[in-house]
Structure formats: structure tokens, C-alpha cells
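The structure appears right after this line, and notes come after that.
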Amino acid sequence: MRSVSKRLLISVTLLLLLFFGVMVWVLEERFRRLAEDSLRGLLEAQINTLIASAEPDSSGQIVPRLGPESESRLSTLGSGLYAAVSRGAADPYWRSPSAAGSVQRLGPSQKSGKRDFFYLSDARGARLAALSLDYAWEGEGDLTFSVATDMAPYDSQMARFRHGLLRDFAIVALLLLLALAALLRWVLAPLRRLEAQIHSVERGDREQLDDRWPSELAGVVTNLNTLLSAEHTRIARYRDTLGNLAHTLKTPLAVLRSSFSPGAPGASLVNAQVDRMTAIVEHQLRRAATSGGASVGRHAVELLPVAQELRSALLKVHSKKDFSLELAIGAELLFVGDRDDLTEALGNLMDNAAKWCRSRIRVSAVLESAAGAARKLSILVEDDGPGVAAPDRERVLERGARADEHTPGHGLGLAMVLDMAEMYGGRLEIGDSDLGGARVELRLPGRMR
Amino acid sequence: MRVLVVEDETAIREALHRDLTAAGFSVDVAVDGEEGLYAGLEYPVDVAVVDLGLPKLPGLDLIRRLRAQDKRFPILVLTARDRWQDKVEGLDAGADDYVAKPFQFEEVLARLQALLRRSGGWASSSLTCGPVVLDTRTQTVTVEGNPVELTTFEYRILEHLMLKAGDVISKTDLTEQLYEQDFERDSNVIEVFIGRLRRKLDPDDRIKPIETLRGRGYRFALARNPG
């Protein structure tokens with residue numbers, strides 16, 4: 001179970017069910033006892049009336065006299081209220097007319113005692129509540145008076161009570177759960193906002209999380225922001241160090257080279273060695289400076305401005321050559337990654353094209369239609385130069401091509417770009433362009449603005 | 001030709017001084033950015049060689065401040081940091097070309113000569129002549145707001161013509177904007193470029209931006225807008 005709110009809802013639901021179950025049971029028990037007490041009171045009153053009205057009949061038996069109005073229920077057959085009088089444990093010698101036929105055994109219970117409350121069933125199986133009372137009648141000895149009443153009205157009242165109770169509790173539980181769900185939404189809103197912001201940091205829409213959070217989250221967010229900015233400065237510092245390293249390594253080489261005047265004896269040998277060392281230094285430093293896709297919180301970079309900057313730089317640098325450099329790149333295309341990496345890769349590709357084209361270069365880009373993080377930006381750099389022959393294409397891209405094994409034309413630069421593309425999970429492919437020369441396709445993570 | 005060399009590394013500075021003097025330049029040297037700024041602002045410099053890793057005032061800032069003071073002489077950058085990001089920043093700050101360290105002197109010399117030949121000069125903003133707008137930073141040209149795709153040479157001829165709009169420019173002058181060596185000169189080439197420029201800028205033959213003055217050269221016929 002991954003979601004905190006789901007966990008909370010399920011556990012609270014279970015707790016509520018348990019609580020309401022116990023409550024229903026306790027309340028029902030209470031109510032039953034209450035109903036039983038009132039039943040007993042009623043039977044007690046009946047029995048007292050019965051005893052009060054009893055007197056010897058013509059044969060000398062002690063029998064209750066049933067007044068027509070007050071005791072009509074005892075006189076009506078099957079009315080639900082029954083009475084009997086017996087002597088000791090024997091069968092009753094008197095039954096109320098209501099008990100005729102239907103109630104056979106309305107006597108004292110098996111237990112002996114002065115006052116006894118018990119349940120029994122009549123001939124039709126209906127439940128009855130009965131009370132019997134031993135009474136020492138002057139001259140007659142112990143007589144047992146019994147009264148029983150049909151439980152059906154009480155049972156149905158009980159059922160109504162239970163039904164109402166369950167319905168009311170169900171409604172209350174439902175309302176509570178709804179309130180809880182709403183409350184959870186509200187309480188967890190900052191967590192959802194945090195999730196959304198982290199997602200947009202991943203997408204490169206923002207560099208930092210904002211700073212208005214509940215106190216419980218503030219610490220975590222501060223730590224995350226520290227981590228993000230540490231990552232940014234780490235890459236920046238790393239690059240800076242590499243830049244300084246390049247400077248400190250190359251300056252002595254420059255000194256070495258410039259200590260020979262052009263054409264001085266030994267100059268060509270020194271130059272060749274210096275070239276070699278320079279190429280090695282450059283190769284290793286460039287590799288190291290590629291940040292790759294590993295960094296968190298990378299910013300999405302607009303492709304078009306990078307291409308435009310490179311275009312004007314290349315036009316200046318290759319001013320000896322007459323060519324046009326056309327950019328067909330939508331302003332909405334973004335590269336998800338480091339700007340410096342993109343500039344380096346695209347700069348190498350465009351510089352190669354400028355070196356080898358006859359008169360035209362075209363740089364275009366499209367976003368492939370796949371969704372999510374796998375979405376790739378396809379950048380095409382095409383020229384009308386000699387191109388790269390099919391058998392040479394793999395060799396040109398060969399990884400770890402030694403710095404001094406310069407393939408003429410598209411050389412070291414391409415292996416670098418390939419390294420960079422692979423660090424981002426992208427690709428680099430060489431083909432033929434309809435302009436007549438090489439068509440280099442660089443695929444990198446991208447998205448729309 | 002007077003060249004300013006701003007380089008903090010003594011051996012390199014002295015070697016450049018020695019070799020540039022041998023190549024016929026009159027050489028001023030500066031050992032840090034502040035000295036370089038002073039020399040660039042005060043001396044009649046024709047071209048500058050600037051190292052980017054300078055003490056006191058970084059090379060990029062030096063170039064920006066020279067350009068901000070309207071100094072338009074070409075600047076060649078020397079740099080050991082040759083990631084494209086660094087190159088782009090240097091050229092965007094106002095440099096005209098760069099040479100990566102460790103350089104060969106011949107390379108520096110060739111680039112300096114090329115920069116001096118296209119003397120059109122660095123312009124900080126866009127040039128506007130009627131409907132034709134040339135943005136010198138992005139090297140893009142629009143006519144009535146529509147982009148026109150020019151080759152580097154077409155662009156450079158147009159920039160030269162527009163910088164001197166109204167003046168007559170000789171073929172020789174235009175040829176010097178494009179080629180470094182004399183033997184490459186061929187007067188027909190300029191006619192070809194002018195013809196291409198006319199077709200690209202004015203396909204309907206309405207605005208007639210470039211006039212031909214027989215025997216004298218060419219003239220950009222639309223006046224420069226002020227500013």
C-alpha cells in the first residue's frame with residue numbers, strides 16, 4: 001500500500017467499523033435489559049391484580065375473578081396475555097380463557113422459588129415471557145399464580161430499535177468517513193504540492209522548490225533545496241576547475257611552442273609533440289567536463305538560442321569561407337539537460353559541417369512523438385560537403401579513438417558528441433543528406449515548452 | 001599596423017612581441033587586463049590580441065569595456081578554455097575570432113591579417129537602411145521583416161556596403177573584404193555576389209538597394225536610418 005491517504009482511510013474505516021459494532025452491541029444489550037425490566041413490571045402488576053381478585057369459588061377452589069373491562073385480554077382467546085393458578089408442582093387447575101388450547105404448560109418453572117421469571121413457548125411456537133409467584137393462601141397452602149405475555153410486540157420493538165440504530169450509525173459513519181477524506185485532502189495538500197514541484201524540478205521547469213511550506217515539511221524542503229543548489233554549484237565548480245586545469249596545462253605548452261621562432265631548427269618536431277599533448281589534454285578534459293544526464297534539478301534549455309549563438313560564432317570563425325547556415329528550429333523546443341553540454345555537442349557538429357560544407361549548412365530539429373521522459377529531440381546537422389562514406393561511419397564514431405588517430409574531417413569531435421549523447425541516453429548517427437553531404441543526427445532528451 | 005598584445009604569461013608575450021615585430025607590426029604589450037584597457041583606450045590600435053585568462057581584469061570584461069567605449073578595432077582572442085560555451089561567450093562579448101592555446105604563430109598571423117583586411121569594423125547594433133535590416137550580432141538580414149538567408153560572403157559585402165551606405169565602393173575594396181591573398185582576386189566574383197545579393201534582397205526588383213556605377217564600383221542606394 002503506497003499511498004498515505006489510502007492507508008489512513010482504510011485503517012480509520014476499520015477502526016470505525018469496530019467501534020460502531022461494539023456500540024451497537026452494547027446499546028442493544030442495554031435496551032434489551034430495559035425492555036425486560038418493563039416487561040417484568042407489567043407481569044408483576046398483572047399477577048398482583050390476579051391475586052387481589054382471587055377468591056374461593058363454589059367448589060372451594062381459589063380462582064381469580066376476571067372483571068369484564070380490565071381483564072378483557074385474559075378472557076379473549078389467544079390475546080397474548082395468559083394466566084394460570086396451580087397447586088405446587090402440579091398442572092394448573094385454573095387457566096385464563098385466553099390460554100385455552102394454545103398454552104398447555106403455563107406453570108411454574110422447574111426451579112422452585114417464591115418468584116420466578118422465565119421464558120417459554122406456546123403451542124404455535126411463539127415466545128412468551130412468564131412470571132410465577134408462590135403464594136401461601138390461608139387454609140389452602142401454597143398456590144402458584146402464573147402470568148405470561150406474548151413476546152412478539154417486544155421482539156418487533158427490539159428489531160425496530162436495532163434497525164434504526166444500525167441505520168443511524170451507518171449514516172454517521174459515512175459522514176465521518178467523508179469528513180475524514182476531505183480533511184485528508186486538505187491535510188495532505190502540501191505533500192501533493194511538494195510532489196508536483198519535485199516533478200517539475202525533474203522536468204527542468206524549475207531549479208528550486210519554493211519556500212512556503214508547513215513547518216513539518218519545511219526542514220525536508222530546505223534540505224532538498226540545499227542538495228539541489230549543491231549539485232548545481234558542484235557541476236559549476238567542477239567545470240571551473242577543469243577550465244583552470246586546461247589553462248595551466250596548455251599555457252606551458254604554448255610557452256614551449258612560442259620559444260621556437262617560425263622555421264627555427266627543431267620547431268616542427270616540437271610542434272608535432274605539442275600538438276599531440278594538446279590533443280590528449282583536450283580529449284580528457286572534454287570527457288570529464290561533460291556532465292551527462294546524472295545531475296538532479298537540471299534546467300530545460302531552449303534549443304534555438306543556443307543554435308543562434310553558435311551560428312553567429314561560427315560565421316565569425318569561418319569567415320574565410322563562403323557558405324550559408326540555415327536554422328530550422330522551432331522556438332518551443334527544449335533540451336532537458338545541461339546547456340554547456342548542448343553547446344559543446346552542437347558546436348562540434350556545426351563546426352564540422354562548416355569545415356566540410358561547400359556552401360550550405362542546415363540545422364533542423366523536431367521532437368519525436370513518444371511521451372514522457374523517453375521523449376527525444378532529434379537534431380539534424382546537414383551539409384553539402386563530401387559526406388562520410390558508409391564504411392567510415394563507424395570508425396568515425398569509435399569510442400576512445402586515440403587523440404592522435406585523427407580521422408580526417410569528422411574526427412575526435414564526433415566521438416565526444418557520441419559520448420555525451422550516450423550519457424543522456426541519446427544517440428548519434430551519420431547518414432546522407434539531400435543537400436549532398438553528411439547528415440548527422442543527434443538524439444537527446446527533449447520536450448515542448 | 002599597430003597591434004596590441006594583452007598576455008600575462010611572459011614567455012608567450014615576448015615571443016608574440018618578437019614574431020609580430022618580425023612580421024612588420026608595431027607592437028604594444030600589456031601584462032594584465034587593466035593595462036590592456038588603458039592601452040586599448042589611449043593608443044591608436046589597429047588590432048588587438050587578447051588572452052582571456054588575465055589578472056586584474058578578465059579578458060572577456062576587457063573586450064566588453066573596449067566595445068562599450070566604442071572601440072571598433074578587431075580583437076583576436078587567445079584562449080586555453082576552448083569549450084564552445086567559452087568561444088561563444090568571447091565572440092558574443094565583441095571578439096572577432098579566436099585561436100586556441102597552444103597556438104602556432106603562423107595561425108595567429110593569418111587570422112590577424114584576415115581581420116585587418118575586413119576592416120568594416122565591429123558595430124555594436126543593427127544597421128537599418130529603409131526596409132533592409134542587418135543585425136551584426138546574429139549576422140542575420142531581414143527585408144521588410146522577412147529573413148533572408150545569405151552566405152557569409154554575401155553578408156560581408158552587404159555589411160560593408162551598408163556601413164558606407166551612399167558611398168561608392170570599388171570592386172577592389174569589396175574583394176579585400178573576402179579574400180586574404182591577392183592572387184585570389186577576380187573582379188567577376190564580385191559581380192556574381194552583387195547579382196546574388198540583388199536577387200535575394202529584391203526578388204521583385206522594387207527597392208533596388210544596390211546601384212552599379214560603371215567603372216567605379218557599387219553604392220548602397222538606400223540611406224542609413226539614424227541610430
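We name chains A, B, ... following the order of the C-alpha cells; residues begin at 1 in each chain, and ligands are numbered from 1 as shown.
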List as a ChimeraX atom specification the protein and nucleic acid residues near Gln273 in chain A, meaning an atom at most 12 Å away when only C-alpha atoms are counted, but skip any in the same chain fewer than 5 places from it. /A:253-254,256-257,266-268,278-280,404 /B:102
Considering only strand (DSSP E or B) as DSSP defines it on the backbone, what residues of range 108-186 of chain B qualify? List them as an MDAnalysis selection string. chainID B and resid 126:129 132:135 140:143 146:148 168:169
Please, which residues of chain B lie no more than 9 Å from chain A when the count uses only C-alpha atoms, and can they be set out as number ranges by chain? B: 9-12, 14-16, 18-19, 53, 79-85, 87-92, 96-98, 101-106, 114, 136-140, 149-154, 156, 178-180
Keeping N, CA and C atoms, export the residues of the selection given above as a CSV table (one decimal), in the first residue's frame.
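Listing of out31.csv after writing:
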chain,number,residue,atom,x,y,z
B,9,GLU,N,51.3,35.8,-19.5
B,9,GLU,CA,52.4,34.9,-19.5
B,9,GLU,C,53.6,35.4,-20.2
B,10,THR,N,54.7,35.7,-19.5
B,10,THR,CA,55.9,36.5,-20.0
B,10,THR,C,56.4,35.9,-21.3
B,11,ALA,N,56.7,34.5,-21.3
B,11,ALA,CA,57.3,33.9,-22.4
B,11,ALA,C,56.5,34.1,-23.7
B,12,ILE,N,55.2,33.9,-23.5
B,12,ILE,CA,54.3,34.0,-24.7
B,12,ILE,C,54.2,35.4,-25.2
B,14,GLU,N,56.5,37.7,-24.8
B,14,GLU,CA,57.7,38.1,-25.5
B,14,GLU,C,57.9,37.5,-26.9
B,15,ALA,N,57.4,36.2,-27.0
B,15,ALA,CA,57.5,35.6,-28.3
B,15,ALA,C,56.6,36.2,-29.3
B,16,LEU,N,55.4,36.6,-28.9
B,16,LEU,CA,54.5,37.3,-29.8
B,16,LEU,C,55.1,38.7,-30.2
B,18,ARG,N,58.2,39.5,-30.3
B,18,ARG,CA,59.3,39.2,-31.2
B,18,ARG,C,58.8,38.9,-32.6
B,19,ASP,N,57.8,37.9,-32.7
B,19,ASP,CA,57.4,37.4,-34.0
B,19,ASP,C,56.6,38.4,-34.8
B,53,GLY,N,42.5,34.6,-20.0
B,53,GLY,CA,42.8,34.4,-18.5
B,53,GLY,C,43.8,35.5,-18.0
B,79,THR,N,42.8,31.7,-26.2
B,79,THR,CA,42.2,31.0,-25.0
B,79,THR,C,42.7,29.6,-24.9
B,80,ALA,N,42.9,29.2,-23.6
B,80,ALA,CA,43.1,27.8,-23.3
B,80,ALA,C,41.8,27.1,-23.0
B,81,ARG,N,40.8,27.8,-22.7
B,81,ARG,CA,39.5,27.2,-22.4
B,81,ARG,C,38.7,27.2,-23.7
B,82,ASP,N,38.7,26.0,-24.4
B,82,ASP,CA,38.1,26.1,-25.7
B,82,ASP,C,36.9,25.2,-25.8
B,83,ARG,N,36.1,25.2,-24.7
B,83,ARG,CA,34.7,24.6,-24.9
B,83,ARG,C,33.9,25.6,-25.7
B,84,TRP,N,32.9,25.2,-26.4
B,84,TRP,CA,32.2,26.0,-27.3
B,84,TRP,C,31.5,27.2,-26.5
B,85,GLN,N,31.1,26.8,-25.3
B,85,GLN,CA,30.5,27.8,-24.4
B,85,GLN,C,31.4,29.0,-24.2
B,87,LYS,N,34.0,29.9,-26.2
B,87,LYS,CA,34.2,30.6,-27.5
B,87,LYS,C,33.0,31.5,-27.8
B,88,VAL,N,31.8,30.9,-27.6
B,88,VAL,CA,30.6,31.7,-27.9
B,88,VAL,C,30.5,33.0,-27.0
B,89,GLU,N,30.9,32.8,-25.8
B,89,GLU,CA,30.9,34.0,-24.9
B,89,GLU,C,31.9,35.0,-25.4
B,90,GLY,N,33.1,34.6,-25.7
B,90,GLY,CA,34.1,35.5,-26.2
B,90,GLY,C,33.7,36.3,-27.4
B,91,LEU,N,33.1,35.5,-28.4
B,91,LEU,CA,32.7,36.2,-29.7
B,91,LEU,C,31.5,37.1,-29.4
B,92,ASP,N,30.6,36.7,-28.5
B,92,ASP,CA,29.5,37.5,-28.2
B,92,ASP,C,29.8,38.7,-27.4
B,96,ASP,N,36.4,39.1,-32.5
B,96,ASP,CA,36.1,38.8,-33.8
B,96,ASP,C,36.5,37.4,-34.2
B,97,ASP,N,37.5,36.8,-33.5
B,97,ASP,CA,37.9,35.5,-33.9
B,97,ASP,C,38.7,35.0,-32.6
B,98,TYR,N,39.0,33.7,-32.7
B,98,TYR,CA,39.8,33.2,-31.5
B,98,TYR,C,40.8,32.2,-32.0
B,101,LYS,N,44.9,28.0,-27.4
B,101,LYS,CA,46.3,27.7,-27.0
B,101,LYS,C,46.5,26.2,-26.9
B,102,PRO,N,47.6,25.7,-27.1
B,102,PRO,CA,48.8,26.4,-27.6
B,102,PRO,C,48.8,26.6,-29.1
B,103,PHE,N,49.0,27.8,-29.5
B,103,PHE,CA,48.8,28.1,-30.9
B,103,PHE,C,50.1,28.1,-31.7
B,104,GLN,N,50.0,28.0,-33.0
B,104,GLN,CA,51.2,28.2,-33.8
B,104,GLN,C,51.2,29.7,-34.3
B,105,PHE,N,52.4,30.3,-34.3
B,105,PHE,CA,52.4,31.7,-34.6
B,105,PHE,C,51.8,32.0,-36.0
B,106,GLU,N,52.0,31.1,-37.0
B,106,GLU,CA,51.5,31.3,-38.3
B,106,GLU,C,50.0,31.5,-38.3
B,114,ALA,N,43.7,38.5,-41.7
B,114,ALA,CA,42.3,38.4,-42.2
B,114,ALA,C,41.4,39.4,-41.6
B,136,THR,N,24.2,42.8,-36.7
B,136,THR,CA,25.6,42.4,-36.8
B,136,THR,C,25.9,41.4,-35.7
B,137,ARG,N,25.1,41.3,-34.6
B,137,ARG,CA,25.4,40.3,-33.6
B,137,ARG,C,25.0,38.9,-34.0
B,138,THR,N,23.8,38.8,-34.6
B,138,THR,CA,23.4,37.4,-35.0
B,138,THR,C,23.7,37.2,-36.5
B,139,GLN,N,24.3,38.2,-37.2
B,139,GLN,CA,24.6,38.1,-38.6
B,139,GLN,C,23.4,37.6,-39.4
B,140,THR,N,22.3,38.3,-39.1
B,140,THR,CA,21.1,37.9,-39.9
B,140,THR,C,20.6,39.2,-40.6
B,149,GLU,N,18.2,34.5,-46.2
B,149,GLU,CA,19.3,33.6,-46.0
B,149,GLU,C,20.5,33.9,-46.9
B,150,LEU,N,21.6,34.5,-46.2
B,150,LEU,CA,22.8,34.9,-47.0
B,150,LEU,C,23.9,34.0,-46.7
B,151,THR,N,24.8,33.9,-47.6
B,151,THR,CA,26.1,33.2,-47.3
B,151,THR,C,27.0,34.2,-46.6
B,152,THR,N,28.1,33.7,-46.0
B,152,THR,CA,29.0,34.5,-45.2
B,152,THR,C,29.5,35.7,-46.1
B,153,PHE,N,29.9,35.3,-47.4
B,153,PHE,CA,30.5,36.4,-48.2
B,153,PHE,C,29.4,37.4,-48.6
B,154,GLU,N,28.2,36.9,-49.0
B,154,GLU,CA,27.2,37.9,-49.3
B,154,GLU,C,26.9,38.8,-48.2
B,156,ARG,N,28.9,39.7,-45.8
B,156,ARG,CA,30.0,40.6,-45.5
B,156,ARG,C,30.0,41.7,-46.5
B,178,LEU,N,36.8,39.9,-48.7
B,178,LEU,CA,36.5,38.5,-48.8
B,178,LEU,C,37.8,37.6,-48.8
B,179,TYR,N,38.8,38.1,-49.5
B,179,TYR,CA,40.0,37.3,-49.7
B,179,TYR,C,41.2,37.9,-49.1
B,180,GLU,N,42.1,37.0,-48.6
B,180,GLU,CA,43.3,37.4,-48.0
B,180,GLU,C,44.4,37.6,-49.0
Show which residues sit within 10 Å of range 199-214 of chain A, as number ranges by chain. Count only C-alpha atoms, and ignore same-chain residues fewer than 2 positions away. A: 190-191, 193-197, 216-222, 224-229, 232, 295-301, 334-338, 372-373, 446-447, 449
Step one, run DSSP on the backbone; step two, keep only residues of range 323-397 of chain A assigned to alpha helix (DSSP H); then write them as an MDAnalysis selection string. chainID A and resid 339:356 393:397
Write a file of the just-selected residues containing N, CA and C atoms, as a PDB file, in the first residue's frame.
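This went into again15.pdb:
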ATOM      1  N   ARG A 339      23.061  23.081 -20.371  1.00  0.00           N
ATOM      2  CA  ARG A 339      23.248  23.969 -21.515  1.00  0.00           C
ATOM      3  C   ARG A 339      24.654  23.839 -22.101  1.00  0.00           C
ATOM      4  N   ASP A 340      25.624  23.733 -21.217  1.00  0.00           N
ATOM      5  CA  ASP A 340      27.014  23.648 -21.658  1.00  0.00           C
ATOM      6  C   ASP A 340      27.258  22.384 -22.493  1.00  0.00           C
ATOM      7  N   ASP A 341      26.648  21.270 -22.055  1.00  0.00           N
ATOM      8  CA  ASP A 341      26.780  20.024 -22.816  1.00  0.00           C
ATOM      9  C   ASP A 341      26.198  20.184 -24.215  1.00  0.00           C
ATOM     10  N   LEU A 342      25.009  20.817 -24.267  1.00  0.00           N
ATOM     11  CA  LEU A 342      24.345  21.002 -25.564  1.00  0.00           C
ATOM     12  C   LEU A 342      25.198  21.883 -26.466  1.00  0.00           C
ATOM     13  N   THR A 343      25.696  22.992 -25.911  1.00  0.00           N
ATOM     14  CA  THR A 343      26.512  23.915 -26.700  1.00  0.00           C
ATOM     15  C   THR A 343      27.738  23.194 -27.253  1.00  0.00           C
ATOM     16  N   GLU A 344      28.347  22.380 -26.399  1.00  0.00           N
ATOM     17  CA  GLU A 344      29.564  21.677 -26.815  1.00  0.00           C
ATOM     18  C   GLU A 344      29.272  20.695 -27.949  1.00  0.00           C
ATOM     19  N   ALA A 345      28.204  19.898 -27.774  1.00  0.00           N
ATOM     20  CA  ALA A 345      27.891  18.877 -28.778  1.00  0.00           C
ATOM     21  C   ALA A 345      27.479  19.520 -30.098  1.00  0.00           C
ATOM     22  N   LEU A 346      26.548  20.459 -30.013  1.00  0.00           N
ATOM     23  CA  LEU A 346      26.047  21.097 -31.225  1.00  0.00           C
ATOM     24  C   LEU A 346      27.155  21.922 -31.877  1.00  0.00           C
ATOM     25  N   GLY A 347      27.990  22.568 -31.053  1.00  0.00           N
ATOM     26  CA  GLY A 347      29.122  23.344 -31.580  1.00  0.00           C
ATOM     27  C   GLY A 347      30.051  22.453 -32.396  1.00  0.00           C
ATOM     28  N   ASN A 348      30.354  21.273 -31.870  1.00  0.00           N
ATOM     29  CA  ASN A 348      31.220  20.353 -32.605  1.00  0.00           C
ATOM     30  C   ASN A 348      30.602  19.944 -33.937  1.00  0.00           C
ATOM     31  N   LEU A 349      29.308  19.603 -33.910  1.00  0.00           N
ATOM     32  CA  LEU A 349      28.655  19.150 -35.137  1.00  0.00           C
ATOM     33  C   LEU A 349      28.609  20.266 -36.175  1.00  0.00           C
ATOM     34  N   MET A 350      28.230  21.484 -35.713  1.00  0.00           N
ATOM     35  CA  MET A 350      28.103  22.595 -36.656  1.00  0.00           C
ATOM     36  C   MET A 350      29.482  23.024 -37.167  1.00  0.00           C
ATOM     37  N   ASP A 351      30.489  22.938 -36.302  1.00  0.00           N
ATOM     38  CA  ASP A 351      31.845  23.308 -36.706  1.00  0.00           C
ATOM     39  C   ASP A 351      32.364  22.339 -37.768  1.00  0.00           C
ATOM     40  N   ASN A 352      32.102  21.045 -37.555  1.00  0.00           N
ATOM     41  CA  ASN A 352      32.469  20.052 -38.563  1.00  0.00           C
ATOM     42  C   ASN A 352      31.807  20.352 -39.889  1.00  0.00           C
ATOM     43  N   ALA A 353      30.502  20.656 -39.820  1.00  0.00           N
ATOM     44  CA  ALA A 353      29.757  20.941 -41.044  1.00  0.00           C
ATOM     45  C   ALA A 353      30.355  22.164 -41.735  1.00  0.00           C
ATOM     46  N   ALA A 354      30.727  23.185 -40.933  1.00  0.00           N
ATOM     47  CA  ALA A 354      31.291  24.400 -41.527  1.00  0.00           C
ATOM     48  C   ALA A 354      32.638  24.102 -42.192  1.00  0.00           C
ATOM     49  N   LYS A 355      33.386  23.158 -41.601  1.00  0.00           N
ATOM     50  CA  LYS A 355      34.685  22.820 -42.190  1.00  0.00           C
ATOM     51  C   LYS A 355      34.511  22.100 -43.523  1.00  0.00           C
ATOM     52  N   TRP A 356      33.472  21.274 -43.611  1.00  0.00           N
ATOM     53  CA  TRP A 356      33.387  20.376 -44.759  1.00  0.00           C
ATOM     54  C   TRP A 356      32.344  20.739 -45.794  1.00  0.00           C
ATOM     55  N   ARG A 393      31.791   5.340 -41.390  1.00  0.00           N
ATOM     56  CA  ARG A 393      30.909   5.954 -40.401  1.00  0.00           C
ATOM     57  C   ARG A 393      31.143   5.430 -38.992  1.00  0.00           C
ATOM     58  N   GLU A 394      31.318   4.110 -38.899  1.00  0.00           N
ATOM     59  CA  GLU A 394      31.509   3.550 -37.568  1.00  0.00           C
ATOM     60  C   GLU A 394      32.847   3.956 -36.985  1.00  0.00           C
ATOM     61  N   ARG A 395      33.847   3.948 -37.825  1.00  0.00           N
ATOM     62  CA  ARG A 395      35.194   4.268 -37.371  1.00  0.00           C
ATOM     63  C   ARG A 395      35.241   5.705 -36.841  1.00  0.00           C
ATOM     64  N   VAL A 396      34.516   6.576 -37.530  1.00  0.00           N
ATOM     65  CA  VAL A 396      34.490   7.981 -37.152  1.00  0.00           C
ATOM     66  C   VAL A 396      33.886   8.168 -35.762  1.00  0.00           C
ATOM     67  N   LEU A 397      32.945   7.284 -35.434  1.00  0.00           N
ATOM     68  CA  LEU A 397      32.268   7.410 -34.140  1.00  0.00           C
ATOM     69  C   LEU A 397      32.930   6.585 -33.051  1.00  0.00           C
TER      70      LEU A 397
END
Take CA of Arg111 in chain B and CA of Glu34 in chain B and report the distance between them in Å, one decimal.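 Separating CA of Arg111 in chain B from CA of Glu34 in chain B is a distance of 24.7 Å.
Closest approach to Thr172 in chain B among B:Gly36, B:Gly130, B:Gly215, B:Gly145: B:Gly215, based on only C-alpha atoms.
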